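Data block for structure35.tsv (TSV, C-alpha atoms and all ligand atoms):
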chain	number	residue	atom	x	y	z
A	566	MET	CA	8.17	11.64	-10.08
A	567	ILE	CA	4.39	11.38	-10.04
A	568	THR	CA	2.37	14.34	-8.84
A	569	ALA	CA	-1.33	14.23	-8.12
A	570	HIS	CA	-2.95	17.55	-7.40
A	571	ALA	CA	-6.52	17.90	-6.11
A	572	LEU	CA	-7.38	14.85	-8.18
A	573	THR	CA	-11.12	14.14	-8.25
A	574	LYS	CA	-13.19	11.51	-10.03
A	575	ARG	CA	-16.92	10.85	-9.73
A	576	TYR	CA	-18.93	7.92	-11.04
A	577	GLY	CA	-22.55	9.05	-10.81
A	578	ALA	CA	-23.25	9.57	-7.12
A	579	THR	CA	-19.97	7.97	-6.02
A	580	THR	CA	-16.94	10.16	-5.52
A	581	ALA	CA	-14.22	7.58	-6.11
A	582	VAL	CA	-11.32	10.01	-5.71
A	583	ASP	CA	-11.84	13.19	-3.73
A	584	GLY	CA	-9.35	16.08	-3.95
A	585	LEU	CA	-6.33	13.82	-3.68
A	586	THR	CA	-2.91	15.49	-3.57
A	587	PHE	CA	0.30	13.52	-3.17
A	588	GLU	CA	3.77	12.98	-4.62
A	589	VAL	CA	5.68	9.86	-5.55
A	590	PRO	CA	9.43	10.58	-5.56
A	591	PRO	CA	12.06	8.50	-7.33
A	592	GLY	CA	14.41	6.07	-5.59
A	593	VAL	CA	12.00	4.64	-3.03
A	594	VAL	CA	8.99	2.36	-3.05
A	595	THR	CA	5.84	4.33	-2.28
A	596	GLY	CA	3.01	2.19	-0.99
A	597	PHE	CA	-0.49	3.26	-1.95
A	598	LEU	CA	-2.56	1.89	0.89
A	599	GLY	CA	-6.30	1.95	1.38
A	600	PRO	CA	-9.24	-0.36	2.02
A	601	ASN	CA	-11.03	-1.94	-0.93
A	602	GLY	CA	-13.07	0.65	-2.80
A	603	SER	CA	-11.01	3.58	-1.50
A	604	GLY	CA	-10.02	4.77	-4.98
A	605	LYS	CA	-6.55	3.30	-5.53
A	606	SER	CA	-7.21	1.76	-8.94
A	607	THR	CA	-9.15	4.81	-10.11
A	608	THR	CA	-6.23	7.04	-9.15
A	609	MET	CA	-3.78	4.80	-10.99
A	610	ARG	CA	-5.99	4.75	-14.10
A	611	MET	CA	-6.06	8.55	-14.06
A	612	ILE	CA	-2.26	8.69	-13.78
A	613	MET	CA	-2.11	6.35	-16.80
A	614	GLY	CA	-4.55	8.43	-18.83
A	615	LEU	CA	-7.17	5.66	-18.84
A	616	ASP	CA	-9.71	7.69	-16.88
A	617	VAL	CA	-10.25	11.41	-17.15
A	618	PRO	CA	-10.33	13.34	-13.86
A	619	ASP	CA	-13.37	15.54	-13.18
A	620	SER	CA	-10.91	18.04	-11.77
A	621	GLY	CA	-7.32	18.25	-10.64
A	622	SER	CA	-4.33	16.73	-12.33
A	623	ALA	CA	-2.09	13.68	-12.36
A	624	LEU	CA	1.34	14.32	-13.84
A	625	ILE	CA	4.28	12.12	-14.74
A	626	GLY	CA	7.53	14.06	-14.72
A	627	GLY	CA	5.43	17.23	-14.82
A	628	ARG	CA	3.27	16.26	-17.79
A	629	PRO	CA	-0.06	14.49	-18.20
A	630	TYR	CA	0.13	10.99	-19.71
A	631	ALA	CA	-1.46	12.13	-22.98
A	632	GLU	CA	1.40	14.56	-23.58
A	633	LEU	CA	4.18	11.99	-23.21
A	634	ALA	CA	5.94	11.44	-26.53
A	635	TRP	CA	6.63	7.72	-25.98
A	636	PRO	CA	4.53	6.85	-22.94
A	637	ILE	CA	5.69	3.22	-22.65
A	638	ARG	CA	9.29	4.39	-22.35
A	639	GLU	CA	8.46	6.87	-19.61
A	640	VAL	CA	5.93	5.00	-17.51
A	641	GLY	CA	5.11	1.32	-17.16
A	642	ALA	CA	2.11	-0.09	-15.34
A	643	LEU	CA	0.65	-3.36	-14.22
A	644	LEU	CA	-3.00	-2.52	-13.65
A	645	ASP	CA	-4.64	-5.76	-14.77
A	646	ALA	CA	-2.63	-9.00	-14.72
A	647	LYS	CA	-4.81	-10.58	-17.42
A	648	ALA	CA	-4.47	-7.75	-19.93
A	649	PHE	CA	-3.18	-9.86	-22.82
A	650	HIS	CA	-4.69	-12.00	-25.57
A	651	PRO	CA	-5.01	-15.50	-24.09
A	652	ALA	CA	-3.99	-17.26	-27.32
A	653	ARG	CA	-0.73	-15.35	-27.68
A	654	THR	CA	2.48	-16.64	-26.19
A	655	ALA	CA	4.26	-14.55	-23.60
A	656	ARG	CA	6.94	-13.69	-26.17
A	657	SER	CA	4.52	-12.68	-28.93
A	658	HIS	CA	2.58	-10.49	-26.50
A	659	LEU	CA	5.76	-8.61	-25.66
A	660	ARG	CA	6.90	-8.54	-29.29
A	661	TRP	CA	3.85	-6.68	-30.53
A	662	LEU	CA	4.22	-4.21	-27.68
A	663	ALA	CA	7.86	-3.68	-28.66
A	664	LEU	CA	7.10	-3.40	-32.39
A	665	THR	CA	4.35	-0.83	-31.94
A	666	ASN	CA	6.46	1.29	-29.64
A	667	ASP	CA	9.75	1.30	-31.54
A	668	ILE	CA	11.50	-0.72	-28.85
A	669	PRO	CA	14.35	-3.03	-30.00
A	670	LEU	CA	13.10	-6.65	-30.09
A	671	GLY	CA	16.12	-7.76	-28.05
A	672	ARG	CA	14.43	-6.13	-25.09
A	673	VAL	CA	11.73	-8.84	-25.13
A	674	ASP	CA	14.08	-11.64	-24.08
A	675	GLU	CA	15.74	-9.33	-21.56
A	676	VAL	CA	12.54	-8.62	-19.68
A	677	LEU	CA	11.37	-12.25	-19.94
A	678	ASP	CA	14.61	-13.20	-18.25
A	679	GLN	CA	14.26	-10.44	-15.65
A	680	VAL	CA	10.88	-11.76	-14.49
A	681	GLY	CA	11.88	-15.43	-14.73
A	682	LEU	CA	9.63	-16.35	-17.68
A	683	THR	CA	12.27	-17.42	-20.21
A	684	SER	CA	11.31	-21.09	-20.04
A	685	ALA	CA	7.60	-20.24	-20.47
A	686	ALA	CA	8.13	-17.70	-23.27
A	687	GLN	CA	6.59	-19.93	-25.97
A	688	ARG	CA	3.54	-20.91	-23.96
A	689	ARG	CA	0.09	-19.43	-24.42
A	690	ALA	CA	-0.36	-16.72	-21.82
A	691	GLY	CA	-4.02	-17.71	-21.39
A	692	LYS	CA	-2.85	-20.91	-19.70
A	693	PHE	CA	-0.63	-19.07	-17.22
A	694	SER	CA	-1.20	-19.23	-13.48
A	695	LEU	CA	-2.00	-15.92	-11.81
A	696	GLY	CA	1.58	-15.67	-10.61
A	697	MET	CA	2.93	-16.14	-14.13
A	698	SER	CA	0.41	-13.62	-15.49
A	699	GLN	CA	1.60	-11.09	-12.92
A	700	ARG	CA	5.18	-11.71	-14.05
A	701	LEU	CA	4.19	-11.20	-17.69
A	702	GLY	CA	2.43	-7.97	-16.71
A	703	ILE	CA	5.56	-6.81	-14.93
A	704	ALA	CA	7.65	-7.71	-18.00
A	705	ALA	CA	5.34	-5.59	-20.16
A	706	ALA	CA	5.64	-2.68	-17.73
A	707	LEU	CA	9.44	-2.93	-17.89
A	708	LEU	CA	9.67	-3.32	-21.67
A	709	GLY	CA	10.29	0.36	-22.44
A	710	ASP	CA	12.76	0.66	-19.52
A	711	PRO	CA	10.65	3.44	-17.99
A	712	GLY	CA	11.72	5.54	-15.03
A	713	VAL	CA	8.23	5.49	-13.51
A	714	LEU	CA	6.38	2.29	-12.61
A	715	LEU	CA	2.91	1.63	-11.22
A	716	PHE	CA	1.72	-1.71	-9.87
A	717	ASP	CA	-1.89	-2.19	-8.79
A	718	GLU	CA	-2.10	-4.91	-6.10
A	719	PRO	CA	0.66	-6.97	-7.74
A	720	VAL	CA	0.78	-9.63	-5.01
A	721	ASN	CA	-2.95	-10.38	-4.95
A	722	GLY	CA	-3.45	-14.11	-5.31
A	723	LEU	CA	0.24	-14.97	-5.29
A	724	ASP	CA	1.79	-17.73	-3.19
A	725	PRO	CA	4.39	-16.80	-0.53
A	726	GLU	CA	7.30	-17.39	-2.90
A	727	GLY	CA	5.71	-15.15	-5.54
A	728	ILE	CA	4.98	-12.44	-2.98
A	729	ARG	CA	8.59	-12.49	-1.84
A	730	TRP	CA	9.77	-12.26	-5.38
A	731	VAL	CA	7.57	-9.25	-6.25
A	732	ARG	CA	8.55	-7.47	-3.04
A	733	HIS	CA	12.24	-7.94	-3.72
A	734	PHE	CA	11.83	-6.99	-7.37
A	735	LEU	CA	10.04	-3.71	-6.61
A	736	ARG	CA	12.69	-2.74	-4.09
A	737	GLY	CA	15.36	-3.43	-6.71
A	738	LEU	CA	13.61	-1.16	-9.24
A	739	ALA	CA	13.49	1.67	-6.70
A	740	ALA	CA	17.15	1.11	-5.82
A	741	GLU	CA	17.94	1.74	-9.51
A	742	GLY	CA	16.49	5.23	-8.99
A	743	ARG	CA	13.07	4.58	-10.50
A	744	THR	CA	9.81	5.97	-9.21
A	745	VAL	CA	7.74	3.05	-7.90
A	746	LEU	CA	4.11	3.28	-6.80
A	747	VAL	CA	2.55	0.03	-5.58
A	748	SER	CA	-0.98	-0.29	-4.25
A	749	SER	CA	-2.32	-2.71	-1.69
A	750	HIS	CA	-5.13	-3.06	0.79
A	751	LEU	CA	-2.83	-5.19	2.95
A	752	ILE	CA	-1.03	-3.30	5.67
A	753	SER	CA	1.40	-6.09	6.45
A	754	GLU	CA	2.40	-6.25	2.81
A	755	MET	CA	3.07	-2.52	2.68
A	756	SER	CA	5.13	-2.59	5.86
A	757	MET	CA	7.49	-5.07	4.19
A	758	THR	CA	7.62	-3.50	0.73
A	759	ALA	CA	7.28	0.25	1.04
A	760	ASP	CA	9.49	3.01	2.36
A	761	ARG	CA	6.83	5.67	2.16
A	762	LEU	CA	3.07	5.47	2.35
A	763	VAL	CA	0.26	7.35	0.71
A	764	VAL	CA	-2.77	6.25	2.73
A	765	ILE	CA	-6.27	6.92	1.44
A	766	GLY	CA	-9.81	6.20	2.55
A	767	ARG	CA	-12.96	6.94	0.56
A	768	GLY	CA	-10.88	8.69	-2.05
A	769	ARG	CA	-9.37	11.14	0.41
A	770	LEU	CA	-5.79	11.44	1.65
A	771	ILE	CA	-5.37	10.19	5.21
A	772	ALA	CA	-1.60	10.28	5.49
A	773	GLU	CA	1.50	10.76	3.37
A	774	THR	CA	4.46	9.71	5.43
A	775	SER	CA	7.21	7.17	6.06
A	776	VAL	CA	6.14	3.75	7.29
A	777	ALA	CA	7.96	4.42	10.59
A	778	ASP	CA	6.22	7.77	11.16
A	779	PHE	CA	2.84	6.30	10.31
A	780	VAL	CA	3.26	3.73	13.06
A	781	ALA	CA	4.69	6.23	15.54
A	782	ARG	CA	1.68	8.55	15.07
A	783	SER	CA	-0.61	6.15	16.80
A	784	GLY	CA	1.62	4.66	19.49
A	785	GLY	CA	-0.71	6.05	22.17
A	786	GLY	CA	2.21	6.51	24.56
A	787	ALA	CA	1.41	3.39	26.60
A	788	VAL	CA	4.05	1.37	28.43
A	789	ARG	CA	4.14	-2.39	28.85
A	790	LEU	CA	5.28	-3.64	32.25
A	791	LEU	CA	5.96	-7.20	33.32
A	792	THR	CA	6.41	-7.55	37.08
A	793	PRO	CA	5.92	-10.24	39.72
A	794	ASP	CA	4.75	-7.46	42.06
A	795	ALA	CA	1.69	-6.52	40.01
A	796	ASP	CA	-0.62	-5.62	42.90
A	797	ALA	CA	1.83	-3.38	44.75
A	798	PHE	CA	2.98	-1.85	41.50
A	799	THR	CA	-0.57	-1.10	40.38
A	800	ALA	CA	-1.27	0.78	43.60
A	801	VAL	CA	1.91	2.87	43.23
A	802	LEU	CA	1.20	3.64	39.58
A	803	ALA	CA	-2.40	4.59	40.29
A	804	ALA	CA	-1.26	6.91	43.08
A	805	ALA	CA	1.09	8.56	40.57
A	806	GLY	CA	-1.88	9.26	38.31
A	807	ALA	CA	-1.41	6.49	35.75
A	808	GLU	CA	-4.10	4.27	34.32
A	809	VAL	CA	-3.22	0.62	34.70
A	810	ALA	CA	-4.86	-2.35	33.02
A	811	GLY	CA	-4.00	-6.02	32.85
A	812	ASP	CA	-2.97	-7.04	29.35
A	813	GLY	CA	-4.15	-10.64	29.62
A	814	ASP	CA	-0.66	-12.11	29.20
A	815	GLY	CA	0.35	-11.27	32.80
A	816	SER	CA	1.79	-7.89	31.87
A	817	LEU	CA	0.40	-4.48	32.74
A	818	ARG	CA	-0.44	-1.74	30.29
A	819	VAL	CA	0.33	1.64	31.82
A	820	GLU	CA	-0.97	4.88	30.39
A	821	GLY	CA	-0.02	8.36	31.54
A	822	LEU	CA	3.61	7.68	32.49
A	823	THR	CA	6.74	7.10	30.42
A	824	ALA	CA	8.88	3.99	30.79
A	825	PRO	CA	11.63	5.93	32.69
A	826	GLU	CA	9.00	7.35	35.05
A	827	VAL	CA	7.69	3.85	35.78
A	828	GLY	CA	11.23	2.60	36.43
A	829	ASP	CA	12.00	5.53	38.74
A	830	LEU	CA	8.89	4.80	40.80
A	831	ALA	CA	9.95	1.17	41.21
A	832	ALA	CA	13.55	1.69	42.36
A	833	PRO	CA	13.07	3.30	45.81
A	834	ARG	CA	10.22	0.87	46.61
A	835	GLY	CA	12.11	-2.28	45.66
A	836	LEU	CA	9.47	-3.26	43.08
A	837	ARG	CA	10.78	-5.81	40.62
A	838	ILE	CA	10.68	-5.21	36.86
A	839	HIS	CA	11.10	-8.09	34.44
A	840	GLU	CA	10.19	-6.15	31.31
A	841	LEU	CA	9.49	-2.48	30.66
A	842	ALA	CA	9.04	-0.90	27.23
A	843	PRO	CA	6.93	1.64	25.35
A	844	VAL	CA	4.12	0.03	23.39
A	845	THR	CA	4.60	0.53	19.68
A	846	ALA	CA	1.41	0.28	17.71
A	847	SER	CA	1.58	-1.99	14.70
A	848	LEU	CA	1.08	-0.54	11.27
A	849	GLU	CA	-2.19	-2.40	11.36
A	850	ASP	CA	-3.33	-0.56	14.51
A	851	ALA	CA	-2.33	2.76	12.98
A	852	PHE	CA	-4.20	1.96	9.80
A	853	MET	CA	-7.35	0.87	11.62
A	854	GLU	CA	-7.31	3.98	13.77
A	855	LEU	CA	-6.87	6.32	10.85
A	856	THR	CA	-9.24	4.66	8.41
A	857	GLN	CA	-12.08	3.75	10.72
A	858	ALA	CA	-14.36	6.44	9.42
A	859	GLU	CA	-13.25	5.86	5.86
A	860	VAL	CA	-14.18	2.28	5.13
A	861	GLU	CA	-16.74	2.05	2.39
A	862	TYR	CA	-18.53	-1.09	3.49
A	863	ARG	CA	-18.58	-2.53	6.96
A	864	PRO	CA	-20.73	-5.27	8.45
A	865	SER	CA	-23.50	-3.94	10.68
A	866	THR	CA	-22.79	-4.55	14.35
A	867	ALA	CA	-26.09	-6.28	15.09
A	868	PRO	CA	-28.55	-8.10	12.87
A	869	GLY	CA	-30.94	-5.54	11.44
A	870	ALA	CA	-28.86	-2.62	12.62
A	871	VAL	CA	-29.06	0.37	10.34
A	872	ASP	CA	-25.73	1.91	9.36
A	873	ALA	CA	-26.25	5.58	8.66
A	874	GLY	CA	-22.80	5.90	7.08
A	875	GLU	CA	-22.79	7.92	3.90
A	876	GLY	CA	-21.08	5.04	2.12
A	877	GLU	CA	-24.28	2.99	2.26
A	878	ARG	CA	-25.78	2.55	-1.14
B	901	LIG	N1	-15.85	2.29	-13.76
B	901	LIG	C1	-16.50	2.53	-12.63
B	901	LIG	N2	-17.83	2.82	-12.64
B	901	LIG	C2	-18.49	3.08	-11.49
B	901	LIG	N3	-17.94	3.10	-10.27
B	901	LIG	C3	-16.63	2.80	-10.18
B	901	LIG	C4	-15.85	2.50	-11.35
B	901	LIG	N4	-14.58	2.26	-10.95
B	901	LIG	C5	-14.57	2.40	-9.61
B	901	LIG	N5	-15.80	2.73	-9.14
B	901	LIG	C6	-16.14	2.99	-7.74
B	901	LIG	O1	-15.19	3.92	-7.24
B	901	LIG	C7	-14.79	3.59	-5.93
B	901	LIG	C8	-13.29	3.37	-5.90
B	901	LIG	O2	-12.98	2.17	-6.62
B	901	LIG	P1	-11.49	1.69	-6.90
B	901	LIG	O3	-10.71	2.82	-7.46
B	901	LIG	O4	-11.58	0.46	-7.71
B	901	LIG	O5	-10.97	1.37	-5.43
B	901	LIG	P2	-9.76	0.43	-4.95
B	901	LIG	O6	-8.87	0.18	-6.13
B	901	LIG	O7	-9.12	1.22	-3.86
B	901	LIG	O8	-10.38	-0.84	-4.43
B	901	LIG	C9	-15.63	2.39	-5.53
B	901	LIG	O9	-16.77	2.85	-4.88
B	901	LIG	C10	-15.98	1.76	-6.85
B	901	LIG	O10	-17.18	1.03	-6.75
B	902	MG	MG	-8.27	-1.65	-6.91
Could you render the structure from this file as structure tokens?
Amino acid sequence: MITAHALTKRYGATTAVDGLTFEVPPGVVTGFLGPNGSGKSTTMRMIMGLDVPDSGSALIGGRPYAELAWPIREVGALLDAKAFHPARTARSHLRWLALTNDIPLGRVDEVLDQVGLTSAAQRRAGKFSLGMSQRLGIAAALLGDPGVLLFDEPVNGLDPEGIRWVRHFLRGLAAEGRTVLVSSHLISEMSMTADRLVVIGRGRLIAETSVADFVARSGGGAVRLLTPDADAFTAVLAAAGAEVAGDGDGSLRVEGLTAPEVGDLAAPRGLRIHELAPVTASLEDAFMELTQAEVEYRPSTAPGAVDAGEGER
């Protein structure tokens, strides 16, 4: 379990993390979602004791990182995929980590195997592709067999096969009962990897919820209707108080009535329905809606337009 309470971090005039409170429970993958610059990495560094909060706390199993007796055996993290000496082999990188943390050396080959690096174990890590570096970083995080794991944008720069592998791997770790926090600025990625979401913007909490609830929150209650009787239907719907708009693909978007209400209006009038369903917003729509005010940098709408947003620096 990770617990952040009123966590705050300032860099000069920038408040990178702003009163952030959330929990990361064991047994599920918690996605840490936010636009670039929203404070994800800063939060993860504070959890890992690499940055000191200005106020608030970040606890692992109820204790700050600095108070953990054997940190590497309680929490593992992949924060920077290139955090190794480039001239060392993958195996020697893991061996010094094991030796300095009183971890049996047999563990090194175990984790190399787990991440699929056995055949590259004797190669210099500096020559690794980004995907292989990410795997080595994950191996290092797993070395102490910790119950809590943090991964900062682990799929950035990976090819589709690598992304699939990471996704599957993280889900497996959570299924073993571990606490897994994985950050991303990619909504689609989170929808496929995470069970729960902690969504932030400009360092502040926007939502802490299941992926399903997050999407449901911004469904808007619209109904999609496909009918060959569009004109007659539109008149009936309008008379019933609904707002009707063409959706471009030949279907109608109806607001102000539920799908059953639309169907019940059609039946006595003999209006034909080919498709009728509530519109579910995508996770992307939900994210855009909720983070609109929270994006740090956005292009100005017109050349020379002045953005008065407080994020301008
Ligand atoms: N070491 C630092 N010094 C100064 N500003 C920083 C530092 N680290 C992060 N920031 C600023 O804090 C904000 C949050 O950054 P970061 O935590 O890296 O966001 P994310 O990981 O969500 O992209 C940004 O405005 C960033 O420029
Ligand atoms: Mg980051």
Surrounding residues of stretch 706-712 of chain A excluding itself and chain neighbours under 5 positions, 8 Å, all atoms listed in the file, as a JSON list (two decimals) with C-alpha atoms, in the frame of the given file:
[["chain", "number", "residue", "atom", "x", "y", "z"],
["A", 637, "ILE", "CA", 5.69, 3.22, -22.65],
["A", 638, "ARG", "CA", 9.29, 4.39, -22.35],
["A", 639, "GLU", "CA", 8.46, 6.87, -19.61],
["A", 640, "VAL", "CA", 5.93, 5.00, -17.51],
["A", 641, "GLY", "CA", 5.11, 1.32, -17.16],
["A", 642, "ALA", "CA", 2.11, -0.09, -15.34],
["A", 643, "LEU", "CA", 0.65, -3.36, -14.22],
["A", 659, "LEU", "CA", 5.76, -8.61, -25.66],
["A", 663, "ALA", "CA", 7.86, -3.68, -28.66],
["A", 668, "ILE", "CA", 11.50, -0.72, -28.85],
["A", 672, "ARG", "CA", 14.43, -6.13, -25.09],
["A", 673, "VAL", "CA", 11.73, -8.84, -25.13],
["A", 676, "VAL", "CA", 12.54, -8.62, -19.68],
["A", 742, "GLY", "CA", 16.49, 5.23, -8.99],
["A", 743, "ARG", "CA", 13.07, 4.58, -10.50],
["A", 744, "THR", "CA", 9.81, 5.97, -9.21]]
Neighbours of ligand MG 902 (chain B) at 7 Å or closer, counting all atoms listed in the file: which residues, as a tab-separated table (two decimals) with C-alpha atoms, keeping the file's coordinate frame?
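Wrote it out as part-v8.tsv, contents follow:
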chain	number	residue	atom	x	y	z
A	601	ASN	CA	-11.03	-1.94	-0.93
A	602	GLY	CA	-13.07	0.65	-2.80
A	604	GLY	CA	-10.02	4.77	-4.98
A	605	LYS	CA	-6.55	3.30	-5.53
A	606	SER	CA	-7.21	1.76	-8.94
A	717	ASP	CA	-1.89	-2.19	-8.79
Top pick for closest residue to A:Gly766, considering A:Gly821, A:Gly599, A:Gly577, A:Pro636 and counting only C-alpha atoms: A:Gly599
Spatial neighbours of A:Gly737, 10 Å, only C-alpha atoms, chain gap at least 6 places, as a list in words: Gly592, Val593, Val594, Val731 and Arg743 of chain A
Surrounding residues as a count of residues only, ligand LIG 901 (chain B), max 12 Å, only C-alpha atoms and all ligand atoms: 53
Would you fill the gaps in stretch 821-834 of chain A so it has N, CA and C atoms, then print it as a PDB file, in the coordinates of the input?
ATOM      1  N   GLY A 821      -0.165   7.115  30.786  1.00  0.00           N
ATOM      2  CA  GLY A 821      -0.020   8.360  31.540  1.00  0.00           C
ATOM      3  C   GLY A 821       1.355   8.550  32.140  1.00  0.00           C
ATOM      4  N   LEU A 822       2.229   7.549  32.022  1.00  0.00           N
ATOM      5  CA  LEU A 822       3.610   7.680  32.490  1.00  0.00           C
ATOM      6  C   LEU A 822       4.541   7.116  31.416  1.00  0.00           C
ATOM      7  N   THR A 823       5.765   7.653  31.366  1.00  0.00           N
ATOM      8  CA  THR A 823       6.740   7.100  30.420  1.00  0.00           C
ATOM      9  C   THR A 823       7.438   5.910  31.063  1.00  0.00           C
ATOM     10  N   ALA A 824       8.151   5.143  30.256  1.00  0.00           N
ATOM     11  CA  ALA A 824       8.880   3.990  30.790  1.00  0.00           C
ATOM     12  C   ALA A 824       9.907   4.422  31.848  1.00  0.00           C
ATOM     13  N   PRO A 825      10.700   5.497  31.636  1.00  0.00           N
ATOM     14  CA  PRO A 825      11.630   5.930  32.690  1.00  0.00           C
ATOM     15  C   PRO A 825      10.907   6.314  33.980  1.00  0.00           C
ATOM     16  N   GLU A 826       9.740   6.956  33.841  1.00  0.00           N
ATOM     17  CA  GLU A 826       9.000   7.350  35.050  1.00  0.00           C
ATOM     18  C   GLU A 826       8.543   6.114  35.837  1.00  0.00           C
ATOM     19  N   VAL A 827       8.115   5.087  35.117  1.00  0.00           N
ATOM     20  CA  VAL A 827       7.690   3.850  35.780  1.00  0.00           C
ATOM     21  C   VAL A 827       8.876   3.220  36.504  1.00  0.00           C
ATOM     22  N   GLY A 828      10.026   3.183  35.830  1.00  0.00           N
ATOM     23  CA  GLY A 828      11.230   2.600  36.430  1.00  0.00           C
ATOM     24  C   GLY A 828      11.663   3.361  37.672  1.00  0.00           C
ATOM     25  N   ASP A 829      11.576   4.704  37.607  1.00  0.00           N
ATOM     26  CA  ASP A 829      12.000   5.530  38.740  1.00  0.00           C
ATOM     27  C   ASP A 829      11.081   5.363  39.938  1.00  0.00           C
ATOM     28  N   LEU A 830       9.806   5.058  39.685  1.00  0.00           N
ATOM     29  CA  LEU A 830       8.890   4.800  40.800  1.00  0.00           C
ATOM     30  C   LEU A 830       9.221   3.473  41.479  1.00  0.00           C
ATOM     31  N   ALA A 831       9.695   2.522  40.688  1.00  0.00           N
ATOM     32  CA  ALA A 831       9.950   1.170  41.210  1.00  0.00           C
ATOM     33  C   ALA A 831      11.185   1.134  42.105  1.00  0.00           C
ATOM     34  N   ALA A 832      12.249   1.831  41.684  1.00  0.00           N
ATOM     35  CA  ALA A 832      13.550   1.690  42.360  1.00  0.00           C
ATOM     36  C   ALA A 832      13.512   1.901  43.874  1.00  0.00           C
ATOM     37  N   PRO A 833      13.018   3.071  44.344  1.00  0.00           N
ATOM     38  CA  PRO A 833      13.070   3.300  45.810  1.00  0.00           C
ATOM     39  C   PRO A 833      12.160   2.348  46.586  1.00  0.00           C
ATOM     40  N   ARG A 834      11.179   1.736  45.906  1.00  0.00           N
ATOM     41  CA  ARG A 834      10.220   0.870  46.610  1.00  0.00           C
ATOM     42  C   ARG A 834      10.581  -0.610  46.505  1.00  0.00           C
TER      43      ARG A 834
END
